[in-house]
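Worksheet: the structure to be examined is printed underneath.
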Number of protein chains: 2
Amino acid sequence: MKFSPLFWPVRFKDNTIYVLDETLLPNKVHYIKVRTYQEACAAIKQMKTRAVGQVTLVFYTFLLVLQKNKNKKDLMPVLEKVAKAINATRPTLSFKYLTDMVLGWAKSGVPLQNNITRFLEALKNKRIQQAEEASLLVNDGDTILTHCNVSGLMPLIGEFCAAQGKKVEFFTTETRPYLQGARLTAWELKQEGFKVTVICDSTVAMLLAQGKVNKIIVGADHLAQNGDIANKIGTYQIAILAKHFNIPFYVLCPPPSRAASGKDIQIEVRPEKELLEFNGKRLAPLGVKGYYPAFDITPNELITEHIYLKIDR
Amino acid sequence: MKFSPLFWPVRFKDNTIYVLDETLLPNKVHYIKVRTYQEACAAIKQMKTRAVGQVTLVFYTFLLVLQKNKNKKDLMPVLEKVAKAINATRPTLSFKYLTDMVLGWAKSGVPLQNNITRFLEALKNKRIQQAEEASLLVNDGDTILTHCNVSGLMPLIGEFCAAQGKKVEFFTTETRPYLQGARLTAWELKQEGFKVTVICDSTVAMLLAQGKVNKIIVGADHLAQNGDIANKIGTYQIAILAKHFNIPFYVLCPPPSRAASGKDIQIEVRPEKELLEFNGKRLAPLGVKGYYPAFDITPNELITEHIYLKIDR
């Protein structure tokens, strides 16, 4: 089984965290070296990594901090400082859920390093299971539409389908403004030999009306207790269109946070220039405003089936 | 009353047609000189002008051809050759409807030059009336969402609203891949002093869910007999979302063609590189396919009200 570099985009070796710079893909496969928790936070804020990359980076950052402070007696103040900095990076993915997990382990006195390593290993295995579970929802000859990037799970679903003797093709939205669909999803699917076609974010209704798509599968940055999800801006309208055209809409979910519903998930509004400029060049005239919420909430009732990540804390 | 340069983007003077190059806006206001019908067809194919710019360019091209052939006895073969070339430029806007009109006048023996000039004058006046009619649907304090560009009608609607003592604001989608919303609509609205905010094409559902929009007004490149319209790709899904959120969806229409319904309108599929490249730089990896239908069909039942262009042939 092959894995997309995006399946596990962060590695830890010799006191250094290596973070795949997703902003440079597909033109350049480059890993940023992260040696402090501040550098880790900067990589998150600058969107060098996202989704599962953020999750793994959080845990590796704690491993880094543990190594740096291995002779310290009381680690809690350090761990709490790091947790606070991580929680303040970006609001929509529940960083607090992850850092609380680590702080909880530390407080309970379990061997922290072992616990983190075990958790990451379990995360890897459960993600593979999640892709296999999704593949069972796909029929031979299906064409799957996706949005943004689900960190290596789409090619993995394709591989499981192939192993089951099922042929699949993919459409991906380009996913403005960061183009994760065109740059990341199309790249990783193409690399593994799957047929993939990019569309504008505005072409979804026409594609569904033309009967060109049998299933829609997306990821999620946040799963609330009631089944609402937060995912890349545009997911919500694709879910509404899926319902209109009666196409199954599946979500590959992270573990649920403590948010009761989507209303309790804070949506990050990113700087307008990320929308109004491209490669440093202004797209819209000066003086015009931009509104760029980076995520939206898809309510539970629009989701045909959640594909859960079954991991114990 | 002020007019956006996009309201009447093509002019005719001294045997030369001046076509506002919409691909260079908003960075540069530049008019291309067109001196032959072949150059006119090239300007259409290269999307230098669109919508009402295409319509006026067709008529000015016939005026140009008439001037060049003023001593010719039988003009019909020349006019038919020009009509055929124009009809072959792009499929979705009904060029044949326009060229048939001119050929019909020529066959009936009416003074062709006068008829064309009169028709263009009527078109100008009826478009102003159309904007005024649209303004009557807008309430004080409304925020209007639009998509792509309706050739100067949005700022004109804003001006009529202001004259009626009504304050309005605008959102426009950026409208990938040509960004007519960010480059043209935001520019012309800003120039006339209106507050305008650009969103990604994928932010529409969230914006409507947040209650930030009271009315949606878009244009149309083609109106079928049954009320179906063809307009810039993405219009269809905005109409579905408008229905989902119960927001009125209005369409500024051209005169109806002879197409019975949307099924009879041919949708232009443009080269994939217009989606996969930006400013000559590749966005998606090589080998990945792109699907770029430039228009979609919005069925009549999703349109709250058509705002017709009431012009006699």
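Chain lettering (A, B, ...) mirrors the order of the structure tokens, residue numbering begins at 1 for each chain separately, and ligand numbering begins at 1 in order of display.
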
Q | Residue neighbourhood Lys215 of chain A, 10 Å, only C-alpha atoms, exclusion window fewer than 3 positions, as JSON, numbers by chain | A | {"A": [137, 138, 139, 142, 143, 144, 145, 146, 170, 208, 212, 242, 246, 247, 248, 249, 250]}

Could you dump the residues just selected with N, CA and C atoms as a PDB file, in the first residue's frame?
```
ATOM      1  N   LEU A 137     -18.196   2.045   0.847  1.00  0.00           N
ATOM      2  CA  LEU A 137     -19.390   2.790   0.411  1.00  0.00           C
ATOM      3  C   LEU A 137     -19.373   3.067  -1.096  1.00  0.00           C
ATOM      4  N   VAL A 138     -18.243   2.765  -1.732  1.00  0.00           N
ATOM      5  CA  VAL A 138     -18.044   3.097  -3.144  1.00  0.00           C
ATOM      6  C   VAL A 138     -18.355   1.879  -4.013  1.00  0.00           C
ATOM      7  N   ASN A 139     -19.037   2.117  -5.126  1.00  0.00           N
ATOM      8  CA  ASN A 139     -19.333   1.032  -6.068  1.00  0.00           C
ATOM      9  C   ASN A 139     -18.382   1.055  -7.259  1.00  0.00           C
ATOM     10  N   ASP A 142     -17.828   4.079  -9.884  1.00  0.00           N
ATOM     11  CA  ASP A 142     -18.234   5.360  -9.288  1.00  0.00           C
ATOM     12  C   ASP A 142     -17.260   6.488  -9.634  1.00  0.00           C
ATOM     13  N   THR A 143     -17.818   7.685  -9.691  1.00  0.00           N
ATOM     14  CA  THR A 143     -17.000   8.889  -9.743  1.00  0.00           C
ATOM     15  C   THR A 143     -17.265   9.676  -8.464  1.00  0.00           C
ATOM     16  N   ILE A 144     -16.178   9.991  -7.772  1.00  0.00           N
ATOM     17  CA  ILE A 144     -16.264  10.640  -6.469  1.00  0.00           C
ATOM     18  C   ILE A 144     -15.866  12.101  -6.609  1.00  0.00           C
ATOM     19  N   LEU A 145     -16.685  12.981  -6.066  1.00  0.00           N
ATOM     20  CA  LEU A 145     -16.318  14.407  -5.993  1.00  0.00           C
ATOM     21  C   LEU A 145     -15.810  14.694  -4.596  1.00  0.00           C
ATOM     22  N   THR A 146     -14.700  15.428  -4.501  1.00  0.00           N
ATOM     23  CA  THR A 146     -14.230  15.870  -3.196  1.00  0.00           C
ATOM     24  C   THR A 146     -13.926  17.367  -3.224  1.00  0.00           C
ATOM     25  N   PHE A 170     -12.092  10.462  -9.972  1.00  0.00           N
ATOM     26  CA  PHE A 170     -12.288  11.567  -9.038  1.00  0.00           C
ATOM     27  C   PHE A 170     -12.488  12.909  -9.748  1.00  0.00           C
ATOM     28  N   LEU A 208     -23.272  17.831 -10.903  1.00  0.00           N
ATOM     29  CA  LEU A 208     -24.248  16.920 -10.294  1.00  0.00           C
ATOM     30  C   LEU A 208     -25.478  16.792 -11.193  1.00  0.00           C
ATOM     31  N   LYS A 212     -22.643  13.338 -13.435  1.00  0.00           N
ATOM     32  CA  LYS A 212     -21.243  12.916 -13.557  1.00  0.00           C
ATOM     33  C   LYS A 212     -20.640  12.435 -12.243  1.00  0.00           C
ATOM     34  N   ALA A 242     -25.791  18.455  -2.836  1.00  0.00           N
ATOM     35  CA  ALA A 242     -25.893  16.991  -2.801  1.00  0.00           C
ATOM     36  C   ALA A 242     -27.320  16.581  -2.461  1.00  0.00           C
ATOM     37  N   ASN A 246     -29.810  14.643  -4.715  1.00  0.00           N
ATOM     38  CA  ASN A 246     -29.923  13.291  -4.168  1.00  0.00           C
ATOM     39  C   ASN A 246     -28.664  12.444  -4.368  1.00  0.00           C
ATOM     40  N   ILE A 247     -27.523  13.042  -4.091  1.00  0.00           N
ATOM     41  CA  ILE A 247     -26.227  12.353  -4.177  1.00  0.00           C
ATOM     42  C   ILE A 247     -25.735  12.128  -2.743  1.00  0.00           C
ATOM     43  N   PRO A 248     -25.275  10.909  -2.399  1.00  0.00           N
ATOM     44  CA  PRO A 248     -24.784  10.686  -1.028  1.00  0.00           C
ATOM     45  C   PRO A 248     -23.604  11.593  -0.688  1.00  0.00           C
ATOM     46  N   PHE A 249     -23.646  12.116   0.519  1.00  0.00           N
ATOM     47  CA  PHE A 249     -22.632  13.059   0.989  1.00  0.00           C
ATOM     48  C   PHE A 249     -21.986  12.480   2.255  1.00  0.00           C
ATOM     49  N   TYR A 250     -20.747  11.991   2.125  1.00  0.00           N
ATOM     50  CA  TYR A 250     -20.046  11.333   3.233  1.00  0.00           C
ATOM     51  C   TYR A 250     -18.948  12.232   3.798  1.00  0.00           C
TER      52      TYR A 250
END
```

(Q) At a cut-off of 8 Å, using only C-alpha atoms, what residues contact Lys195 of chain A? Leave out same-chain residues fewer than 6 positions from it and give the result as a PyMOL selection string. (A) (chain A and resi 169-170+189) or (chain B and resi 288)

Write to file, as a compact mmCIF listing (two decimals), in the first residue's frame, the residues of the selection just made, with C-alpha atoms.
```txt
# COMPACT_ATOMS: atom_id res chain seq x y z
CA GLU A 169 -12.47 8.24 -10.78
CA PHE A 170 -12.29 11.57 -9.04
CA LEU A 189 -4.40 11.34 -6.74
CA VAL B 288 -4.36 16.50 -14.26
```

**Q.** Proximity to Thr89 of chain B - best of B:Asp21, B:Ile240, B:Met47, B:Leu286, only C-alpha atoms
**A.**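 Among the listed residues, the smallest separation from Thr89 of chain B belongs to B:Met47.
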
After fit on chain B (all C-alpha, ordered pairs), chain A as a short mmCIF file (atom, residue, chain, number, x, y, z; two decimals) with C-alpha atoms, in the first residue's frame:
```cif
data_model
loop_
_atom_site.label_atom_id
_atom_site.label_comp_id
_atom_site.auth_asym_id
_atom_site.auth_seq_id
_atom_site.Cartn_x
_atom_site.Cartn_y
_atom_site.Cartn_z
CA MET A 1 -26.59 59.73 -13.97
CA LYS A 2 -23.12 58.20 -14.22
CA PHE A 3 -22.40 55.15 -16.31
CA SER A 4 -19.83 52.44 -15.73
CA PRO A 5 -17.42 52.04 -18.67
CA LEU A 6 -18.80 48.50 -18.76
CA PHE A 7 -22.36 49.72 -19.45
CA TRP A 8 -21.44 50.43 -23.10
CA PRO A 9 -17.98 48.93 -23.52
CA VAL A 10 -17.80 49.15 -27.31
CA ARG A 11 -17.80 52.36 -29.39
CA PHE A 12 -17.68 53.07 -33.08
CA LYS A 13 -15.93 56.10 -34.56
CA ASP A 14 -14.21 56.90 -37.86
CA ASN A 15 -14.26 53.39 -39.33
CA THR A 16 -12.85 51.92 -36.13
CA ILE A 17 -14.54 49.96 -33.37
CA TYR A 18 -13.08 50.54 -29.91
CA VAL A 19 -13.52 47.52 -27.62
CA LEU A 20 -12.83 47.86 -23.89
CA ASP A 21 -10.41 45.02 -23.09
CA GLU A 22 -12.11 43.48 -20.07
CA THR A 23 -9.26 41.00 -19.54
CA LEU A 24 -6.97 43.90 -18.48
CA LEU A 25 -9.38 45.45 -15.98
CA PRO A 26 -9.13 46.72 -13.30
CA ASN A 27 -5.39 47.33 -13.75
CA LYS A 28 -5.67 49.04 -17.11
CA VAL A 29 -8.50 50.72 -19.01
CA HIS A 30 -7.52 49.95 -22.59
CA TYR A 31 -9.59 49.93 -25.77
CA ILE A 32 -8.63 47.52 -28.57
CA LYS A 33 -8.97 48.93 -32.08
CA VAL A 34 -11.03 46.67 -34.35
CA ARG A 35 -10.96 47.45 -38.07
CA THR A 36 -12.18 44.19 -39.69
CA TYR A 37 -14.87 41.66 -38.94
CA GLN A 38 -12.14 39.05 -38.41
CA GLU A 39 -10.63 41.20 -35.65
CA ALA A 40 -14.09 41.53 -34.13
CA CYS A 41 -14.50 37.75 -34.08
CA ALA A 42 -11.05 37.33 -32.53
CA ALA A 43 -11.94 39.80 -29.75
CA ILE A 44 -15.04 37.73 -28.95
CA LYS A 45 -13.21 34.39 -29.00
CA GLN A 46 -10.44 35.73 -26.76
CA MET A 47 -13.03 37.00 -24.28
CA LYS A 48 -11.78 40.59 -24.61
CA THR A 49 -15.42 41.56 -24.33
CA ARG A 50 -18.50 39.68 -23.16
CA ALA A 51 -22.24 40.01 -22.58
CA VAL A 52 -23.53 43.37 -23.81
CA GLY A 53 -20.07 44.11 -25.20
CA GLN A 54 -20.48 41.16 -27.54
CA VAL A 55 -23.97 42.27 -28.57
CA THR A 56 -22.92 45.82 -29.40
CA LEU A 57 -19.74 44.60 -31.10
CA VAL A 58 -21.87 42.47 -33.45
CA PHE A 59 -23.96 45.46 -34.55
CA TYR A 60 -20.97 47.80 -34.83
CA THR A 61 -19.21 45.16 -36.93
CA PHE A 62 -22.08 45.28 -39.41
CA LEU A 63 -21.86 49.09 -39.44
CA LEU A 64 -18.13 48.75 -40.16
CA VAL A 65 -18.79 46.30 -42.98
CA LEU A 66 -21.48 48.58 -44.43
CA GLN A 67 -19.09 51.53 -44.50
CA LYS A 68 -16.35 49.46 -46.14
CA ASN A 69 -18.74 48.22 -48.81
CA LYS A 70 -20.83 51.32 -49.37
CA ASN A 71 -20.34 51.21 -53.13
CA LYS A 72 -21.20 47.55 -53.45
CA LYS A 73 -24.54 46.79 -55.12
CA ASP A 74 -25.42 43.40 -53.63
CA LEU A 75 -24.44 43.40 -49.98
CA MET A 76 -26.12 40.15 -49.00
CA PRO A 77 -23.17 37.80 -49.72
CA VAL A 78 -20.87 40.00 -47.62
CA LEU A 79 -23.37 40.29 -44.79
CA GLU A 80 -23.96 36.54 -44.81
CA LYS A 81 -20.23 35.82 -44.68
CA VAL A 82 -19.84 38.16 -41.71
CA ALA A 83 -22.88 36.66 -39.96
CA LYS A 84 -21.48 33.15 -40.41
CA ALA A 85 -18.11 34.15 -38.93
CA ILE A 86 -19.78 35.83 -35.96
CA ASN A 87 -22.09 32.87 -35.33
CA ALA A 88 -19.05 30.58 -35.15
CA THR A 89 -17.23 32.53 -32.44
CA ARG A 90 -18.82 31.22 -29.24
CA PRO A 91 -21.90 29.04 -28.80
CA THR A 92 -23.81 30.05 -25.66
CA LEU A 93 -24.88 33.64 -26.31
CA SER A 94 -27.24 33.49 -29.29
CA PHE A 95 -25.17 35.30 -31.90
CA LYS A 96 -27.40 33.81 -34.58
CA TYR A 97 -30.38 35.62 -33.10
CA LEU A 98 -28.51 38.93 -33.52
CA THR A 99 -27.09 38.29 -36.99
CA ASP A 100 -30.45 36.93 -38.21
CA MET A 101 -31.98 40.21 -37.10
CA VAL A 102 -29.54 42.18 -39.25
CA LEU A 103 -29.89 39.83 -42.23
CA GLY A 104 -33.68 40.06 -41.90
CA TRP A 105 -33.53 43.85 -42.02
CA ALA A 106 -31.22 43.68 -45.06
CA LYS A 107 -33.54 41.30 -46.88
CA SER A 108 -36.60 43.42 -46.14
CA GLY A 109 -34.88 46.37 -47.76
CA VAL A 110 -35.07 48.80 -44.80
CA PRO A 111 -32.18 51.28 -44.51
CA LEU A 112 -29.79 48.99 -42.68
CA GLN A 113 -27.45 51.57 -41.16
CA ASN A 114 -30.34 53.57 -39.70
CA ASN A 115 -31.97 50.44 -38.35
CA ILE A 116 -28.82 49.29 -36.57
CA THR A 117 -28.22 52.73 -35.09
CA ARG A 118 -31.82 52.96 -33.94
CA PHE A 119 -31.66 49.46 -32.43
CA LEU A 120 -28.49 50.29 -30.47
CA GLU A 121 -30.03 53.50 -29.18
CA ALA A 122 -33.13 51.58 -28.09
CA LEU A 123 -30.93 48.91 -26.46
CA LYS A 124 -29.17 51.60 -24.43
CA ASN A 125 -32.42 53.17 -23.26
CA LYS A 126 -34.09 49.83 -22.49
CA ARG A 127 -31.09 48.73 -20.44
CA ILE A 128 -31.41 51.88 -18.33
CA GLN A 129 -35.13 51.10 -17.88
CA GLN A 130 -34.23 47.55 -16.93
CA ALA A 131 -31.92 48.82 -14.17
CA GLU A 132 -34.67 51.14 -12.93
CA GLU A 133 -37.16 48.27 -12.89
CA ALA A 134 -34.71 46.15 -10.88
CA SER A 135 -34.19 49.00 -8.42
CA LEU A 136 -37.91 48.92 -7.58
CA LEU A 137 -37.44 45.37 -6.22
CA VAL A 138 -34.81 46.58 -3.74
CA ASN A 139 -35.63 47.84 -0.24
CA ASP A 140 -33.83 50.46 1.78
CA GLY A 141 -30.93 48.82 3.63
CA ASP A 142 -30.79 45.78 1.36
CA THR A 143 -27.58 43.94 0.62
CA ILE A 144 -27.47 42.52 -2.89
CA LEU A 145 -25.35 39.54 -3.93
CA THR A 146 -24.34 39.27 -7.57
CA HIS A 147 -22.22 36.89 -9.66
CA CYS A 148 -19.92 37.63 -12.58
CA ASN A 149 -20.68 40.98 -14.24
CA VAL A 150 -23.85 42.47 -15.68
CA SER A 151 -22.13 45.13 -17.81
CA GLY A 152 -22.77 48.27 -15.81
CA LEU A 153 -26.28 47.41 -14.63
CA MET A 154 -25.39 46.81 -10.97
CA PRO A 155 -24.02 50.35 -10.32
CA LEU A 156 -26.96 51.71 -12.29
CA ILE A 157 -29.37 49.81 -10.01
CA GLY A 158 -27.45 51.29 -7.08
CA GLU A 159 -27.84 54.79 -8.54
CA PHE A 160 -31.58 54.38 -9.05
CA CYS A 161 -31.86 53.11 -5.47
CA ALA A 162 -29.95 56.14 -4.21
CA ALA A 163 -32.22 58.45 -6.22
CA GLN A 164 -35.18 56.73 -4.51
CA GLY A 165 -33.57 57.36 -1.11
CA LYS A 166 -32.65 53.72 -0.57
CA LYS A 167 -29.27 52.64 0.77
CA VAL A 168 -27.82 49.46 -0.73
CA GLU A 169 -24.63 47.45 -0.36
CA PHE A 170 -23.20 44.74 -2.55
CA PHE A 171 -21.46 41.40 -2.30
CA THR A 172 -19.98 39.87 -5.43
CA THR A 173 -18.53 36.42 -5.93
CA GLU A 174 -15.03 36.58 -7.36
CA THR A 175 -16.26 34.37 -10.26
CA ARG A 176 -13.49 31.96 -11.17
CA PRO A 177 -11.72 31.41 -13.42
CA TYR A 178 -11.86 34.84 -15.10
CA LEU A 179 -12.65 36.71 -11.90
CA GLN A 180 -15.21 39.00 -13.52
CA GLY A 181 -16.79 39.57 -10.11
CA ALA A 182 -13.56 40.67 -8.42
CA ARG A 183 -12.12 42.49 -11.43
CA LEU A 184 -15.16 44.05 -13.11
CA THR A 185 -18.18 44.18 -10.78
CA ALA A 186 -16.21 45.18 -7.68
CA TRP A 187 -14.34 47.78 -9.76
CA GLU A 188 -17.37 49.45 -11.31
CA LEU A 189 -19.31 49.48 -8.02
CA LYS A 190 -16.33 50.86 -6.11
CA GLN A 191 -15.76 53.53 -8.77
CA GLU A 192 -19.28 54.80 -8.22
CA GLY A 193 -18.82 54.87 -4.46
CA PHE A 194 -20.83 51.80 -3.44
CA LYS A 195 -19.70 49.48 -0.64
CA VAL A 196 -18.78 46.17 -2.22
CA THR A 197 -17.30 43.04 -0.68
CA VAL A 198 -15.77 40.16 -2.65
CA ILE A 199 -16.28 36.55 -1.58
CA CYS A 200 -15.03 33.23 -2.91
CA ASP A 201 -17.54 31.43 -5.10
CA SER A 202 -17.70 28.85 -2.32
CA THR A 203 -18.83 31.30 0.38
CA VAL A 204 -22.38 31.84 -0.93
CA ALA A 205 -24.14 29.28 1.31
CA MET A 206 -22.48 30.62 4.45
CA LEU A 207 -23.28 34.22 3.51
CA LEU A 208 -26.95 33.38 2.94
CA ALA A 209 -27.10 31.29 6.13
CA GLN A 210 -25.71 34.25 8.06
CA GLY A 211 -28.54 36.44 6.76
CA LYS A 212 -26.09 38.86 5.16
CA VAL A 213 -27.92 39.03 1.82
CA ASN A 214 -31.51 40.14 1.09
CA LYS A 215 -31.60 39.86 -2.70
CA ILE A 216 -29.65 38.11 -5.41
CA ILE A 217 -29.49 39.77 -8.83
CA VAL A 218 -27.60 38.25 -11.76
CA GLY A 219 -27.51 38.70 -15.52
CA ALA A 220 -28.04 36.19 -18.31
CA ASP A 221 -26.29 35.46 -21.58
CA HIS A 222 -29.27 33.65 -23.03
CA LEU A 223 -32.99 33.53 -22.23
CA ALA A 224 -35.01 30.60 -23.59
CA GLN A 225 -38.73 30.76 -24.44
CA ASN A 226 -39.71 28.90 -21.25
CA GLY A 227 -37.79 31.24 -18.94
CA ASP A 228 -34.70 29.06 -18.45
CA ILE A 229 -31.49 31.08 -18.63
CA ALA A 230 -27.84 30.45 -19.42
CA ASN A 231 -25.42 32.54 -17.42
CA LYS A 232 -21.86 32.35 -16.12
CA ILE A 233 -21.00 28.99 -14.57
CA GLY A 234 -22.00 29.08 -10.90
CA THR A 235 -25.31 30.90 -11.43
CA TYR A 236 -27.24 27.62 -11.21
CA GLN A 237 -25.89 26.68 -7.80
CA ILE A 238 -26.50 30.17 -6.45
CA ALA A 239 -30.14 29.84 -7.58
CA ILE A 240 -30.44 26.48 -5.78
CA LEU A 241 -28.94 28.04 -2.64
CA ALA A 242 -31.29 31.04 -2.94
CA LYS A 243 -34.23 28.66 -2.91
CA HIS A 244 -32.80 26.70 0.05
CA PHE A 245 -32.44 29.90 2.06
CA ASN A 246 -35.58 31.55 0.68
CA ILE A 247 -33.79 34.58 -0.79
CA PRO A 248 -35.31 36.23 -3.91
CA PHE A 249 -33.34 35.43 -7.05
CA TYR A 250 -33.76 37.99 -9.87
CA VAL A 251 -32.37 37.79 -13.40
CA LEU A 252 -31.66 40.73 -15.71
CA CYS A 253 -32.47 39.11 -19.06
CA PRO A 254 -31.61 39.71 -22.69
CA PRO A 255 -34.46 39.33 -25.20
CA PRO A 256 -35.54 35.68 -25.51
CA SER A 257 -33.99 33.58 -28.27
CA ARG A 258 -35.84 30.90 -30.22
CA ALA A 259 -34.54 28.14 -27.91
CA ALA A 260 -37.58 26.40 -26.41
CA SER A 261 -35.83 25.63 -23.11
CA GLY A 262 -32.41 25.48 -21.47
CA LYS A 263 -31.89 22.05 -23.02
CA ASP A 264 -31.69 23.75 -26.43
CA ILE A 265 -28.94 26.15 -25.37
CA GLN A 266 -25.45 24.95 -26.24
CA ILE A 267 -23.02 25.31 -23.35
CA GLU A 268 -19.51 26.40 -24.27
CA VAL A 269 -16.74 24.30 -22.74
CA ARG A 270 -13.59 26.44 -22.69
CA PRO A 271 -9.99 25.13 -22.77
CA GLU A 272 -8.94 23.51 -19.48
CA LYS A 273 -5.84 25.68 -19.26
CA GLU A 274 -8.02 28.72 -18.52
CA LEU A 275 -8.82 26.97 -15.25
CA LEU A 276 -5.53 25.12 -14.61
CA GLU A 277 -3.27 28.12 -15.26
CA PHE A 278 -3.32 31.63 -13.86
CA ASN A 279 -1.28 34.45 -15.44
CA GLY A 280 0.65 31.81 -17.35
CA LYS A 281 1.53 29.90 -14.17
CA ARG A 282 0.29 26.36 -13.76
CA LEU A 283 -1.94 25.86 -10.69
CA ALA A 284 -2.57 22.12 -10.85
CA PRO A 285 0.13 19.54 -11.65
CA LEU A 286 0.66 18.54 -15.28
CA GLY A 287 -1.36 15.55 -16.42
CA VAL A 288 -4.36 16.53 -14.31
CA LYS A 289 -7.47 17.28 -16.34
CA GLY A 290 -9.73 20.30 -16.04
CA TYR A 291 -13.41 20.67 -16.90
CA TYR A 292 -14.51 24.23 -17.54
CA PRO A 293 -18.00 24.76 -18.87
CA ALA A 294 -18.22 28.55 -19.06
CA PHE A 295 -21.98 28.70 -18.45
CA ASP A 296 -24.71 26.72 -16.81
CA ILE A 297 -28.48 26.60 -17.16
CA THR A 298 -30.72 27.91 -14.39
CA PRO A 299 -34.23 26.51 -14.78
CA ASN A 300 -37.16 28.91 -14.81
CA GLU A 301 -38.65 27.52 -11.59
CA LEU A 302 -35.64 28.73 -9.56
CA ILE A 303 -36.04 32.32 -10.78
CA THR A 304 -38.17 34.53 -8.54
CA GLU A 305 -38.63 37.14 -11.24
CA HIS A 306 -37.22 37.83 -14.68
CA ILE A 307 -36.43 41.46 -15.34
CA TYR A 308 -36.98 41.62 -19.08
CA LEU A 309 -35.30 43.84 -21.64
CA LYS A 310 -38.32 45.15 -23.46
CA ILE A 311 -36.96 45.83 -26.91
CA ASP A 312 -38.65 45.48 -30.30
CA ARG A 313 -36.73 43.81 -33.05
#
```

Q: Enumerate the residues of segment 19-75 of chain B with a DSSP assignment of helix (DSSP H, G or I), computed from the backbone, and present them as a PyMOL selection string.
A: chain B and resi 37-45+52-68

From a backbone DSSP assignment, name each residue in segment 137-223 of chain A labelled strand (DSSP E), as a compact mmCIF listing (two decimals) with N, CA and C atoms, in the first residue's frame.
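Done, and the output landed in selection-v5.txt:
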```
# COMPACT_ATOMS: atom_id res chain seq x y z
N THR A 143 -17.82 7.69 -9.69
CA THR A 143 -17.00 8.89 -9.74
C THR A 143 -17.26 9.68 -8.46
N ILE A 144 -16.18 9.99 -7.77
CA ILE A 144 -16.26 10.64 -6.47
C ILE A 144 -15.87 12.10 -6.61
N LEU A 145 -16.69 12.98 -6.07
CA LEU A 145 -16.32 14.41 -5.99
C LEU A 145 -15.81 14.69 -4.60
N THR A 146 -14.70 15.43 -4.50
CA THR A 146 -14.23 15.87 -3.20
C THR A 146 -13.93 17.37 -3.22
N GLU A 169 -13.07 7.01 -10.26
CA GLU A 169 -12.47 8.24 -10.78
C GLU A 169 -12.81 9.37 -9.82
N PHE A 170 -12.09 10.46 -9.97
CA PHE A 170 -12.29 11.57 -9.04
C PHE A 170 -12.49 12.91 -9.75
N PHE A 171 -13.34 13.72 -9.17
CA PHE A 171 -13.38 15.15 -9.46
C PHE A 171 -12.98 15.86 -8.18
N THR A 172 -12.24 16.94 -8.28
CA THR A 172 -12.00 17.78 -7.12
C THR A 172 -12.29 19.23 -7.48
N THR A 173 -12.93 19.95 -6.56
CA THR A 173 -13.02 21.40 -6.73
C THR A 173 -11.60 21.95 -6.62
N VAL A 196 -8.15 12.11 -12.35
CA VAL A 196 -8.70 13.19 -11.53
C VAL A 196 -8.89 14.44 -12.39
N THR A 197 -10.05 15.06 -12.24
CA THR A 197 -10.40 16.24 -13.01
C THR A 197 -10.73 17.39 -12.05
N VAL A 198 -10.13 18.54 -12.31
CA VAL A 198 -10.35 19.72 -11.47
C VAL A 198 -11.50 20.55 -12.05
N ILE A 199 -12.36 21.04 -11.17
CA ILE A 199 -13.42 21.97 -11.59
C ILE A 199 -13.34 23.24 -10.73
N LYS A 215 -20.86 9.90 -5.80
CA LYS A 215 -20.66 10.04 -4.36
C LYS A 215 -19.87 11.31 -4.11
N ILE A 216 -20.14 11.94 -2.99
CA ILE A 216 -19.31 13.06 -2.55
C ILE A 216 -18.68 12.65 -1.22
N ILE A 217 -17.37 12.80 -1.13
CA ILE A 217 -16.65 12.48 0.12
C ILE A 217 -15.76 13.67 0.46
N VAL A 218 -15.94 14.21 1.65
CA VAL A 218 -15.09 15.32 2.12
C VAL A 218 -14.54 14.99 3.49
N HIS A 222 -13.47 19.67 12.21
CA HIS A 222 -14.07 19.69 13.55
C HIS A 222 -15.40 18.94 13.48
N LEU A 223 -15.60 18.05 14.42
CA LEU A 223 -16.87 17.32 14.52
C LEU A 223 -17.50 17.65 15.87
```
